[in-house]
>>> print(open('upload-v9.txt').read())   # compact mmCIF, C-alpha atoms (C1' of nucleotides)
# COMPACT_ATOMS: atom_id res chain seq x y z
CA MET P 1 -62.71 -123.03 119.96
CA THR P 2 -64.99 -125.05 117.70
CA GLU P 3 -64.36 -128.58 116.51
CA THR P 4 -63.66 -127.22 113.05
CA GLN P 5 -61.06 -124.75 114.30
CA ALA P 6 -59.39 -127.41 116.41
CA ALA P 7 -59.41 -129.83 113.47
CA LEU P 8 -57.56 -127.25 111.35
CA LEU P 9 -54.89 -126.87 114.02
CA PHE P 10 -54.54 -130.63 114.38
CA ALA P 11 -54.19 -130.86 110.62
CA ALA P 12 -51.36 -128.35 110.75
CA LEU P 13 -49.63 -130.60 113.29
CA SER P 14 -50.30 -133.81 111.39
CA ASN P 15 -47.06 -133.89 109.44
CA ALA P 16 -43.63 -135.00 110.61
CA ASP P 17 -41.81 -132.23 108.72
CA ARG P 18 -43.95 -129.59 110.36
CA LEU P 19 -43.41 -131.08 113.82
CA LEU P 20 -39.67 -130.97 113.13
CA VAL P 21 -40.04 -127.32 112.20
CA LEU P 22 -41.79 -126.59 115.48
CA ARG P 23 -39.17 -128.43 117.47
CA THR P 24 -36.48 -126.51 115.61
CA LEU P 25 -38.17 -123.19 116.36
CA VAL P 26 -38.61 -124.09 120.02
CA GLU P 27 -34.87 -124.72 120.22
CA ALA P 28 -34.16 -121.50 118.36
CA GLY P 29 -35.99 -119.55 121.04
CA PRO P 30 -37.44 -116.05 120.78
CA ASP P 31 -34.96 -114.92 118.12
CA GLY P 32 -36.52 -117.34 115.69
CA MET P 33 -34.77 -118.69 112.66
CA LYS P 34 -34.50 -117.95 108.97
CA ALA P 35 -36.29 -120.07 106.41
CA GLY P 36 -33.04 -121.36 104.95
CA GLY P 37 -31.73 -122.51 108.32
CA ILE P 38 -34.99 -124.28 109.06
CA ALA P 39 -34.92 -126.03 105.71
CA THR P 40 -31.37 -127.24 106.31
CA GLN P 41 -32.18 -128.34 109.83
CA ILE P 42 -35.14 -130.52 108.83
CA GLY P 43 -33.49 -131.74 105.64
CA ALA P 44 -36.01 -130.36 103.19
CA SER P 45 -35.68 -128.41 99.96
CA PRO P 46 -36.39 -124.68 100.13
CA SER P 47 -39.73 -125.01 98.40
CA ARG P 48 -40.78 -127.93 100.54
CA ALA P 49 -39.82 -126.09 103.72
CA SER P 50 -41.65 -123.01 102.49
CA PHE P 51 -44.77 -125.07 101.86
CA HIS P 52 -44.78 -126.39 105.41
CA LEU P 53 -43.89 -123.03 106.92
CA ALA P 54 -46.84 -121.52 105.09
CA ALA P 55 -49.11 -124.21 106.53
CA LEU P 56 -47.87 -123.47 110.05
CA SER P 57 -48.19 -119.74 109.48
CA ASP P 58 -51.73 -120.06 108.09
CA ALA P 59 -52.68 -122.00 111.19
CA GLY P 60 -51.16 -119.27 113.40
CA LEU P 61 -48.62 -121.63 114.94
CA VAL P 62 -45.68 -119.52 113.80
CA LYS P 63 -45.15 -115.85 113.08
CA ARG P 64 -43.09 -114.56 110.22
CA GLU P 65 -41.13 -111.36 109.78
CA ARG P 66 -38.96 -110.23 106.93
CA GLN P 67 -35.42 -109.33 107.85
CA SER P 68 -33.51 -108.04 104.89
CA ARG P 69 -33.45 -110.82 102.30
CA SER P 70 -34.39 -113.48 104.76
CA GLN P 71 -37.62 -114.38 106.37
CA THR P 72 -37.49 -115.05 110.09
CA TYR P 73 -39.96 -117.47 111.66
CA ARG P 74 -40.80 -117.68 115.34
CA ILE P 75 -42.97 -120.13 117.19
CA ASP P 76 -46.15 -118.75 118.73
CA PHE P 77 -47.44 -120.80 121.64
CA ASP P 78 -50.86 -119.17 121.82
CA GLN P 79 -52.59 -121.48 119.36
CA ILE P 80 -50.92 -124.57 120.76
CA GLY P 81 -52.05 -123.55 124.22
CA GLY P 82 -55.58 -122.99 123.00
CA LEU P 83 -55.56 -126.35 121.32
CA MET P 84 -54.33 -128.16 124.41
CA ARG P 85 -56.99 -126.43 126.44
CA PHE P 86 -59.62 -127.50 123.92
CA LEU P 87 -58.47 -131.09 123.98
CA LEU P 88 -58.06 -131.30 127.73
CA GLU P 89 -60.84 -129.17 129.16
CA ASP P 90 -63.43 -128.95 126.47
CA CYS P 91 -63.21 -132.22 124.59
CA CYS P 92 -62.03 -134.45 127.43
CA LYS P 93 -63.85 -132.62 130.24
CA GLY P 94 -60.73 -132.14 132.32
CA ASN P 95 -60.09 -135.87 132.59
CA ALA P 96 -57.86 -136.52 135.58
CA THR P 97 -55.68 -139.10 133.85
CA LEU P 98 -54.89 -136.63 131.12
CA LYS P 99 -54.15 -133.78 133.48
CA THR P 100 -51.34 -135.71 135.07
CA CYS P 101 -49.68 -135.82 131.64
CA CYS P 102 -49.26 -132.07 131.67
CA GLY P 103 -49.18 -131.33 135.33
CA SER P 104 -46.48 -131.61 137.92
CA ASN P 105 -44.85 -134.85 136.77
CA MET Z 1 -42.87 -141.07 120.51
CA THR Z 2 -41.41 -140.10 117.13
CA GLU Z 3 -42.57 -137.21 114.97
CA THR Z 4 -44.10 -139.70 112.57
CA GLN Z 5 -46.14 -141.40 115.29
CA ALA Z 6 -47.28 -138.08 116.68
CA ALA Z 7 -48.21 -136.90 113.19
CA LEU Z 8 -50.44 -139.98 112.75
CA LEU Z 9 -52.24 -139.21 116.00
CA PHE Z 10 -52.68 -135.56 115.06
CA ALA Z 11 -54.07 -136.69 111.71
CA ALA Z 12 -56.62 -138.83 113.52
CA LEU Z 13 -57.69 -135.72 115.44
CA SER Z 14 -57.75 -133.46 112.40
CA ASN Z 15 -61.40 -133.94 111.54
CA ALA Z 16 -64.43 -132.28 113.12
CA ASP Z 17 -66.55 -135.45 112.95
CA ARG Z 18 -63.91 -137.42 114.79
CA LEU Z 19 -63.56 -134.75 117.46
CA LEU Z 20 -67.31 -134.91 117.93
CA VAL Z 21 -67.02 -138.66 118.34
CA LEU Z 22 -64.38 -138.23 121.03
CA ARG Z 23 -66.44 -135.66 122.85
CA THR Z 24 -69.43 -137.98 122.65
CA LEU Z 25 -67.42 -140.88 124.06
CA VAL Z 26 -66.04 -138.73 126.87
CA GLU Z 27 -69.59 -137.88 127.86
CA ALA Z 28 -70.62 -141.51 127.58
CA GLY Z 29 -68.01 -142.44 130.17
CA PRO Z 30 -66.50 -145.86 130.81
CA ASP Z 31 -69.55 -147.74 129.56
CA GLY Z 32 -68.85 -146.47 126.08
CA MET Z 33 -71.45 -146.23 123.39
CA LYS Z 34 -72.71 -148.25 120.45
CA ALA Z 35 -71.82 -147.31 116.89
CA GLY Z 36 -75.41 -146.48 116.05
CA GLY Z 37 -75.78 -144.11 118.98
CA ILE Z 38 -72.56 -142.38 118.08
CA ALA Z 39 -73.66 -141.97 114.47
CA THR Z 40 -76.96 -140.43 115.56
CA GLN Z 41 -75.26 -138.17 118.05
CA ILE Z 42 -72.83 -136.68 115.55
CA GLY Z 43 -75.37 -136.61 112.72
CA ALA Z 44 -73.56 -138.93 110.35
CA SER Z 45 -74.67 -141.90 108.28
CA PRO Z 46 -73.73 -145.35 109.63
CA SER Z 47 -71.04 -145.84 107.03
CA ARG Z 48 -69.59 -142.41 107.55
CA ALA Z 49 -69.53 -142.90 111.32
CA SER Z 50 -67.95 -146.31 110.84
CA PHE Z 51 -65.25 -144.79 108.65
CA HIS Z 52 -64.31 -142.26 111.32
CA LEU Z 53 -64.57 -144.78 114.14
CA ALA Z 54 -62.16 -147.00 112.25
CA ALA Z 55 -59.72 -144.09 111.90
CA LEU Z 56 -59.90 -143.43 115.65
CA SER Z 57 -59.55 -147.12 116.41
CA ASP Z 58 -56.55 -147.53 114.07
CA ALA Z 59 -54.88 -144.65 115.86
CA GLY Z 60 -55.59 -146.29 119.23
CA LEU Z 61 -57.71 -143.41 120.45
CA VAL Z 62 -60.74 -145.62 121.04
CA LYS Z 63 -61.24 -149.27 121.89
CA ARG Z 64 -63.94 -151.41 120.39
CA GLU Z 65 -65.76 -154.44 121.71
CA ARG Z 66 -68.56 -156.44 120.20
CA GLN Z 67 -71.66 -156.72 122.36
CA SER Z 68 -74.27 -158.90 120.77
CA ARG Z 69 -75.23 -157.27 117.49
CA SER Z 70 -73.78 -153.95 118.41
CA GLN Z 71 -70.26 -152.69 118.59
CA THR Z 72 -69.36 -150.70 121.68
CA TYR Z 73 -66.70 -148.00 121.50
CA ARG Z 74 -64.87 -146.51 124.44
CA ILE Z 75 -62.41 -143.68 124.58
CA ASP Z 76 -58.86 -144.56 125.56
CA PHE Z 77 -56.94 -141.67 127.07
CA ASP Z 78 -53.53 -143.32 126.87
CA GLN Z 79 -52.68 -142.15 123.35
CA ILE Z 80 -54.06 -138.68 123.93
CA GLY Z 81 -51.97 -138.44 127.07
CA GLY Z 82 -48.88 -139.59 125.22
CA LEU Z 83 -49.54 -137.08 122.49
CA MET Z 84 -49.97 -134.22 124.93
CA ARG Z 85 -46.76 -135.22 126.62
CA PHE Z 86 -45.00 -135.28 123.25
CA LEU Z 87 -46.27 -131.85 122.32
CA LEU Z 88 -45.64 -130.27 125.69
CA GLU Z 89 -42.47 -131.88 127.00
CA ASP Z 90 -40.69 -133.22 123.97
CA CYS Z 91 -41.60 -130.86 121.16
CA CYS Z 92 -42.06 -127.68 123.19
CA LYS Z 93 -39.43 -128.44 125.85
CA GLY Z 94 -41.84 -127.96 128.71
CA ASN Z 95 -42.55 -124.36 127.78
CA ALA Z 96 -43.90 -122.55 130.82
CA THR Z 97 -46.61 -120.64 128.95
CA LEU Z 98 -48.00 -123.91 127.65
CA LYS Z 99 -47.91 -125.64 131.00
CA THR Z 100 -50.27 -123.08 132.46
CA CYS Z 101 -52.82 -124.15 129.85
CA CYS Z 102 -53.04 -127.59 131.37
CA GLY Z 103 -52.08 -126.89 134.91
CA SER Z 104 -53.97 -125.40 137.79
CA ASN Z 105 -55.93 -122.69 135.98
C1' DC I 1 -83.06 -171.66 107.75
C1' DT I 2 -84.91 -167.27 106.71
C1' DT I 3 -85.47 -162.70 108.43
C1' DT I 4 -84.17 -158.77 110.85
C1' DC I 5 -81.01 -155.66 112.92
C1' DA I 6 -76.44 -153.41 113.54
C1' DT I 7 -72.43 -152.44 111.54
C1' DT I 8 -68.67 -152.72 108.29
C1' DT I 9 -66.72 -153.02 103.74
C1' DC I 10 -66.39 -151.75 99.08
C1' DA I 11 -66.12 -149.14 94.76
C1' DA I 12 -66.44 -144.86 92.68
C1' DC I 13 -65.70 -140.26 92.74
C1' DG I 14 -64.35 -135.60 94.13
C1' DA I 15 -61.40 -132.98 97.15
C1' DT I 16 -57.26 -132.15 99.54
C1' DT I 17 -52.39 -132.74 100.51
C1' DC I 18 -47.58 -133.32 99.43
C1' DT I 19 -43.55 -133.36 96.45
C1' DT I 20 -40.64 -131.74 92.72
C1' DG I 21 -38.37 -128.59 89.91
C1' DA I 22 -38.83 -124.40 87.35
C1' DA I 23 -40.12 -119.67 87.32
C1' DA I 24 -41.28 -115.48 89.85
C1' DT I 25 -40.52 -112.13 93.57
C1' DA I 26 -38.01 -109.35 96.95
C1' DA I 27 -34.04 -107.30 98.83
C1' DT I 28 -29.35 -106.21 98.48
C1' DA I 29 -24.80 -105.59 96.42
C1' DT I 30 -21.77 -104.58 92.41
C1' DA V 1 -29.03 -101.55 85.52
C1' DT V 2 -27.47 -106.18 86.44
C1' DA V 3 -26.27 -109.84 89.30
C1' DT V 4 -26.65 -112.39 93.50
C1' DT V 5 -29.04 -114.28 97.39
C1' DA V 6 -33.14 -115.85 99.93
C1' DT V 7 -37.50 -117.31 99.57
C1' DT V 8 -42.03 -118.05 97.66
C1' DT V 9 -45.20 -119.34 94.07
C1' DC V 10 -46.73 -122.22 90.50
C1' DA V 11 -48.00 -126.26 87.67
C1' DA V 12 -48.07 -131.06 87.31
C1' DG V 13 -48.59 -135.40 89.16
C1' DA V 14 -48.88 -138.94 92.89
C1' DA V 15 -50.90 -140.13 97.11
C1' DT V 16 -54.20 -139.83 100.68
C1' DC V 17 -58.71 -138.62 102.53
C1' DG V 18 -63.74 -138.25 102.89
C1' DT V 19 -68.47 -139.07 101.14
C1' DT V 20 -72.08 -141.81 99.20
C1' DG V 21 -74.95 -145.65 98.56
C1' DA V 22 -74.98 -150.50 97.71
C1' DA V 23 -73.48 -154.95 99.04
C1' DA V 24 -71.47 -157.98 102.54
C1' DT V 25 -70.88 -159.61 107.27
C1' DG V 26 -72.13 -160.98 112.02
C1' DA V 27 -75.33 -161.99 115.51
C1' DA V 28 -79.74 -162.89 117.21
C1' DA V 29 -84.79 -163.95 116.72
C1' DG V 30 -88.82 -166.15 114.69
>>> encode(input="upload-v9.txt", output="structure tokens")
Amino acid sequence: MTETQAALLFAALSNADRLLVLRTLVEAGPDGMKAGGIATQIGASPSRASFHLAALSDAGLVKRERQSRSQTYRIDFDQIGGLMRFLLEDCCKGNATLKTCCGSN
Amino acid sequence: MTETQAALLFAALSNADRLLVLRTLVEAGPDGMKAGGIATQIGASPSRASFHLAALSDAGLVKRERQSRSQTYRIDFDQIGGLMRFLLEDCCKGNATLKTCCGSN
DNA sequence: CTTTCATTTCAACGATTCTTGAAATAATAT
DNA sequence: ATATTATTTCAAGAATCGTTGAAATGAAAG
């Protein structure tokens, strides 16, 4: 992953609404959640929620699938994992202090 | 750490120049590096480097100390560690797939 | 005390992001 | 076909971000 790619992912995470969306989708689990439910959960208008969902989707942090009238969103951990690996291994050279943040404790 | 605090840290990381600065400071090690050296290393003008160093410093990702005429910057892993913990444990509920990204592999 | 060196600050500008509410689209039901 | 429901798209405007080059600051040397 290049610095530019990582920067785009960090940008996608650099908004409180979008972090709330991710947390909501983590709690929702593999079934995901419809756009309307997400909007209600994070307290945003439909268009505002849609804007942030699009940002997350563009970054590859969530996957979307139409189900009848609704649109179901699911979290995808691949990009987040790649980003953590970039930050930890590549950027920070496997710094020991950092590893303990994610390791067995 | 709140979503808003995490978002501010992610914003500080959401720029390729600033990621290059961090990488540079990781390589420099505990002695840190002077502003001029950092600017040269990342290929940015002094004022541009200073702008990004200030952003990193405001976010608490680097520490600064004046040494004679120069200003020495050092990476500080505390905030990065806190952010990784937020993302992994708090936001993603300790998701197992993610943990393997930072764990023993 | 003037000069030099290292860095930051500032103002101006363009670019990007976010919000809002209205209009458009998509799928379904009547 | 028309209406209803769920969501996205769009335009407008405010706010924030990033770049540039010039000016200001801080520290040391002559």
>>> closest_residue(input="upload-v9.txt", among="P:Arg23, P:His52, P:Lys34, P:Arg66", to="chain Z", atoms="all atoms listed in the file")
P:Arg23
>>> interface_residues(input="upload-v9.txt", of="chain Z", to="chain P", cutoff="7 Å", atoms="all atoms listed in the file", output="short mmCIF file (atom, residue, chain, number, x, y, z; two decimals) with C-alpha atoms, in the coordinates of the input")
data_model
loop_
_atom_site.label_atom_id
_atom_site.label_comp_id
_atom_site.auth_asym_id
_atom_site.auth_seq_id
_atom_site.Cartn_x
_atom_site.Cartn_y
_atom_site.Cartn_z
CA GLU Z 3 -42.57 -137.21 114.97
CA THR Z 4 -44.10 -139.70 112.57
CA ALA Z 7 -48.21 -136.90 113.19
CA LEU Z 8 -50.44 -139.98 112.75
CA PHE Z 10 -52.68 -135.56 115.06
CA ALA Z 11 -54.07 -136.69 111.71
CA LEU Z 13 -57.69 -135.72 115.44
CA SER Z 14 -57.75 -133.46 112.40
CA ASN Z 15 -61.40 -133.94 111.54
CA ALA Z 16 -64.43 -132.28 113.12
CA LEU Z 19 -63.56 -134.75 117.46
CA ARG Z 23 -66.44 -135.66 122.85
CA VAL Z 26 -66.04 -138.73 126.87
CA PHE Z 77 -56.94 -141.67 127.07
CA GLY Z 81 -51.97 -138.44 127.07
CA MET Z 84 -49.97 -134.22 124.93
CA ARG Z 85 -46.76 -135.22 126.62
CA CYS Z 91 -41.60 -130.86 121.16
CA CYS Z 92 -42.06 -127.68 123.19
CA LEU Z 98 -48.00 -123.91 127.65
CA LYS Z 99 -47.91 -125.64 131.00
CA CYS Z 101 -52.82 -124.15 129.85
CA CYS Z 102 -53.04 -127.59 131.37
CA GLY Z 103 -52.08 -126.89 134.91
#
>>> interface_residues(input="upload-v9.txt", of="chain Z", to="chain V", cutoff="8 Å", atoms="all atoms listed in the file", output="ChimeraX atom specification")
/Z:48,68-69
>>> calpha_fit_and_write(input="upload-v9.txt", fixed="chain P", moving="chain Z", output="PDB file with C-alpha atoms, in the coordinates of the input")
ATOM      1  CA  MET Z   1     -62.725-122.992 119.944  1.00  0.00           C
ATOM      2  CA  THR Z   2     -65.011-125.052 117.703  1.00  0.00           C
ATOM      3  CA  GLU Z   3     -64.342-128.590 116.520  1.00  0.00           C
ATOM      4  CA  THR Z   4     -63.676-127.238 113.052  1.00  0.00           C
ATOM      5  CA  GLN Z   5     -61.055-124.773 114.279  1.00  0.00           C
ATOM      6  CA  ALA Z   6     -59.397-127.409 116.413  1.00  0.00           C
ATOM      7  CA  ALA Z   7     -59.410-129.833 113.487  1.00  0.00           C
ATOM      8  CA  LEU Z   8     -57.560-127.253 111.349  1.00  0.00           C
ATOM      9  CA  LEU Z   9     -54.889-126.875 114.018  1.00  0.00           C
ATOM     10  CA  PHE Z  10     -54.531-130.634 114.397  1.00  0.00           C
ATOM     11  CA  ALA Z  11     -54.189-130.885 110.622  1.00  0.00           C
ATOM     12  CA  ALA Z  12     -51.356-128.372 110.738  1.00  0.00           C
ATOM     13  CA  LEU Z  13     -49.629-130.615 113.285  1.00  0.00           C
ATOM     14  CA  SER Z  14     -50.293-133.831 111.396  1.00  0.00           C
ATOM     15  CA  ASN Z  15     -47.057-133.896 109.443  1.00  0.00           C
ATOM     16  CA  ALA Z  16     -43.623-135.022 110.612  1.00  0.00           C
ATOM     17  CA  ASP Z  17     -41.807-132.254 108.712  1.00  0.00           C
ATOM     18  CA  ARG Z  18     -43.935-129.608 110.358  1.00  0.00           C
ATOM     19  CA  LEU Z  19     -43.385-131.092 113.804  1.00  0.00           C
ATOM     20  CA  LEU Z  20     -39.667-130.972 113.122  1.00  0.00           C
ATOM     21  CA  VAL Z  21     -40.033-127.323 112.193  1.00  0.00           C
ATOM     22  CA  LEU Z  22     -41.796-126.596 115.473  1.00  0.00           C
ATOM     23  CA  ARG Z  23     -39.176-128.427 117.458  1.00  0.00           C
ATOM     24  CA  THR Z  24     -36.488-126.506 115.601  1.00  0.00           C
ATOM     25  CA  LEU Z  25     -38.181-123.188 116.349  1.00  0.00           C
ATOM     26  CA  VAL Z  26     -38.609-124.082 120.015  1.00  0.00           C
ATOM     27  CA  GLU Z  27     -34.883-124.699 120.220  1.00  0.00           C
ATOM     28  CA  ALA Z  28     -34.169-121.485 118.356  1.00  0.00           C
ATOM     29  CA  GLY Z  29     -36.003-119.532 121.041  1.00  0.00           C
ATOM     30  CA  PRO Z  30     -37.459-116.040 120.776  1.00  0.00           C
ATOM     31  CA  ASP Z  31     -34.982-114.915 118.131  1.00  0.00           C
ATOM     32  CA  GLY Z  32     -36.551-117.332 115.699  1.00  0.00           C
ATOM     33  CA  MET Z  33     -34.791-118.679 112.676  1.00  0.00           C
ATOM     34  CA  LYS Z  34     -34.507-117.947 108.975  1.00  0.00           C
ATOM     35  CA  ALA Z  35     -36.299-120.076 106.405  1.00  0.00           C
ATOM     36  CA  GLY Z  36     -33.044-121.348 104.966  1.00  0.00           C
ATOM     37  CA  GLY Z  37     -31.747-122.497 108.333  1.00  0.00           C
ATOM     38  CA  ILE Z  38     -34.993-124.260 109.062  1.00  0.00           C
ATOM     39  CA  ALA Z  39     -34.918-126.022 105.700  1.00  0.00           C
ATOM     40  CA  THR Z  40     -31.367-127.231 106.316  1.00  0.00           C
ATOM     41  CA  GLN Z  41     -32.184-128.327 109.827  1.00  0.00           C
ATOM     42  CA  ILE Z  42     -35.128-130.496 108.827  1.00  0.00           C
ATOM     43  CA  GLY Z  43     -33.474-131.734 105.634  1.00  0.00           C
ATOM     44  CA  ALA Z  44     -35.993-130.350 103.182  1.00  0.00           C
ATOM     45  CA  SER Z  45     -35.664-128.408  99.948  1.00  0.00           C
ATOM     46  CA  PRO Z  46     -36.377-124.659 100.144  1.00  0.00           C
ATOM     47  CA  SER Z  47     -39.705-125.011  98.403  1.00  0.00           C
ATOM     48  CA  ARG Z  48     -40.766-127.929 100.523  1.00  0.00           C
ATOM     49  CA  ALA Z  49     -39.804-126.090 103.709  1.00  0.00           C
ATOM     50  CA  SER Z  50     -41.636-123.013 102.472  1.00  0.00           C
ATOM     51  CA  PHE Z  51     -44.752-125.082 101.834  1.00  0.00           C
ATOM     52  CA  HIS Z  52     -44.776-126.404 105.393  1.00  0.00           C
ATOM     53  CA  LEU Z  53     -43.880-123.044 106.902  1.00  0.00           C
ATOM     54  CA  ALA Z  54     -46.836-121.545 105.080  1.00  0.00           C
ATOM     55  CA  ALA Z  55     -49.116-124.245 106.512  1.00  0.00           C
ATOM     56  CA  LEU Z  56     -47.867-123.494 110.034  1.00  0.00           C
ATOM     57  CA  SER Z  57     -48.191-119.769 109.455  1.00  0.00           C
ATOM     58  CA  ASP Z  58     -51.740-120.084 108.060  1.00  0.00           C
ATOM     59  CA  ALA Z  59     -52.689-122.014 111.168  1.00  0.00           C
ATOM     60  CA  GLY Z  60     -51.161-119.295 113.363  1.00  0.00           C
ATOM     61  CA  LEU Z  61     -48.634-121.637 114.913  1.00  0.00           C
ATOM     62  CA  VAL Z  62     -45.683-119.531 113.786  1.00  0.00           C
ATOM     63  CA  LYS Z  63     -45.164-115.856 113.066  1.00  0.00           C
ATOM     64  CA  ARG Z  64     -43.107-114.562 110.200  1.00  0.00           C
ATOM     65  CA  GLU Z  65     -41.158-111.362 109.758  1.00  0.00           C
ATOM     66  CA  ARG Z  66     -38.999-110.207 106.907  1.00  0.00           C
ATOM     67  CA  GLN Z  67     -35.441-109.323 107.862  1.00  0.00           C
ATOM     68  CA  SER Z  68     -33.497-108.020 104.926  1.00  0.00           C
ATOM     69  CA  ARG Z  69     -33.399-110.787 102.344  1.00  0.00           C
ATOM     70  CA  SER Z  70     -34.355-113.457 104.779  1.00  0.00           C
ATOM     71  CA  GLN Z  71     -37.613-114.372 106.378  1.00  0.00           C
ATOM     72  CA  THR Z  72     -37.511-115.041 110.101  1.00  0.00           C
ATOM     73  CA  TYR Z  73     -39.967-117.472 111.668  1.00  0.00           C
ATOM     74  CA  ARG Z  74     -40.826-117.681 115.333  1.00  0.00           C
ATOM     75  CA  ILE Z  75     -42.994-120.127 117.177  1.00  0.00           C
ATOM     76  CA  ASP Z  76     -46.174-118.760 118.711  1.00  0.00           C
ATOM     77  CA  PHE Z  77     -47.440-120.788 121.643  1.00  0.00           C
ATOM     78  CA  ASP Z  78     -50.856-119.145 121.808  1.00  0.00           C
ATOM     79  CA  GLN Z  79     -52.585-121.476 119.347  1.00  0.00           C
ATOM     80  CA  ILE Z  80     -50.913-124.561 120.749  1.00  0.00           C
ATOM     81  CA  GLY Z  81     -52.033-123.522 124.206  1.00  0.00           C
ATOM     82  CA  GLY Z  82     -55.573-122.965 123.000  1.00  0.00           C
ATOM     83  CA  LEU Z  83     -55.562-126.332 121.311  1.00  0.00           C
ATOM     84  CA  MET Z  84     -54.318-128.118 124.406  1.00  0.00           C
ATOM     85  CA  ARG Z  85     -56.982-126.398 126.432  1.00  0.00           C
ATOM     86  CA  PHE Z  86     -59.609-127.482 123.906  1.00  0.00           C
ATOM     87  CA  LEU Z  87     -58.464-131.077 123.983  1.00  0.00           C
ATOM     88  CA  LEU Z  88     -58.047-131.277 127.730  1.00  0.00           C
ATOM     89  CA  GLU Z  89     -60.811-129.131 129.184  1.00  0.00           C
ATOM     90  CA  ASP Z  90     -63.432-128.900 126.497  1.00  0.00           C
ATOM     91  CA  CYS Z  91     -63.212-132.170 124.613  1.00  0.00           C
ATOM     92  CA  CYS Z  92     -62.035-134.406 127.452  1.00  0.00           C
ATOM     93  CA  LYS Z  93     -63.860-132.584 130.267  1.00  0.00           C
ATOM     94  CA  GLY Z  94     -60.729-132.112 132.313  1.00  0.00           C
ATOM     95  CA  ASN Z  95     -60.112-135.836 132.608  1.00  0.00           C
ATOM     96  CA  ALA Z  96     -57.875-136.476 135.596  1.00  0.00           C
ATOM     97  CA  THR Z  97     -55.692-139.081 133.882  1.00  0.00           C
ATOM     98  CA  LEU Z  98     -54.896-136.594 131.144  1.00  0.00           C
ATOM     99  CA  LYS Z  99     -54.146-133.755 133.511  1.00  0.00           C
ATOM    100  CA  THR Z 100     -51.338-135.726 135.090  1.00  0.00           C
ATOM    101  CA  CYS Z 101     -49.675-135.824 131.672  1.00  0.00           C
ATOM    102  CA  CYS Z 102     -49.227-132.084 131.701  1.00  0.00           C
ATOM    103  CA  GLY Z 103     -49.128-131.386 135.368  1.00  0.00           C
ATOM    104  CA  SER Z 104     -46.435-131.817 137.947  1.00  0.00           C
ATOM    105  CA  ASN Z 105     -44.911-135.103 136.787  1.00  0.00           C
TER     106      ASN Z 105
END
>>> atom_distance(input="upload-v9.txt", atom1="atom CA of Z:Leu53", atom2="atom CA of Z:Tyr73")
8.3 Å
>>> axis_aligned_box(input="upload-v9.txt", around="stretch 17-20 of chain V", padding_each_side="6 Å", output="AutoDock Vina command-line options")
--center_x -65.4 --center_y -140.0 --center_z 101.0 --size_x 25.4 --size_y 15.6 --size_z 15.7
>>> closest_residue(input="upload-v9.txt", among="Z:Gly60, Z:Ala28, Z:Gln67, Z:Met1", to="chain I", atoms="only C-alpha atoms (C1' of nucleotides)")
Z:Gln67
>>> interface_residues(input="upload-v9.txt", of="chain I", to="chain Z", cutoff="8 Å", atoms="all atoms listed in the file", output="count of residues only")
4
>>> atom_distance(input="upload-v9.txt", atom1="atom C1' of I:DC13", atom2="atom CA of Z:Ser45")
18.0 Å
>>> decode(input="upload-v9.txt", residues="stretch 1-14 of chain I", atoms="C-alpha atoms (C1' of nucleotides)", output="compact mmCIF listing (two decimals), in the first residue's frame")
# COMPACT_ATOMS: atom_id res chain seq x y z
C1' DC I 1 24.53 45.33 16.48
C1' DT I 2 24.34 43.47 11.98
C1' DT I 3 24.37 39.27 9.42
C1' DT I 4 23.36 34.65 8.64
C1' DC I 5 20.87 30.47 9.21
C1' DA I 6 16.75 27.65 10.38
C1' DT I 7 12.19 27.67 10.79
C1' DT I 8 7.57 29.47 11.30
C1' DT I 9 3.84 32.55 10.23
C1' DC I 10 0.96 34.97 7.16
C1' DA I 11 -2.07 36.24 3.32
C1' DA I 12 -3.98 34.90 -0.83
C1' DC I 13 -5.85 31.62 -3.57
C1' DG I 14 -7.60 27.24 -5.34
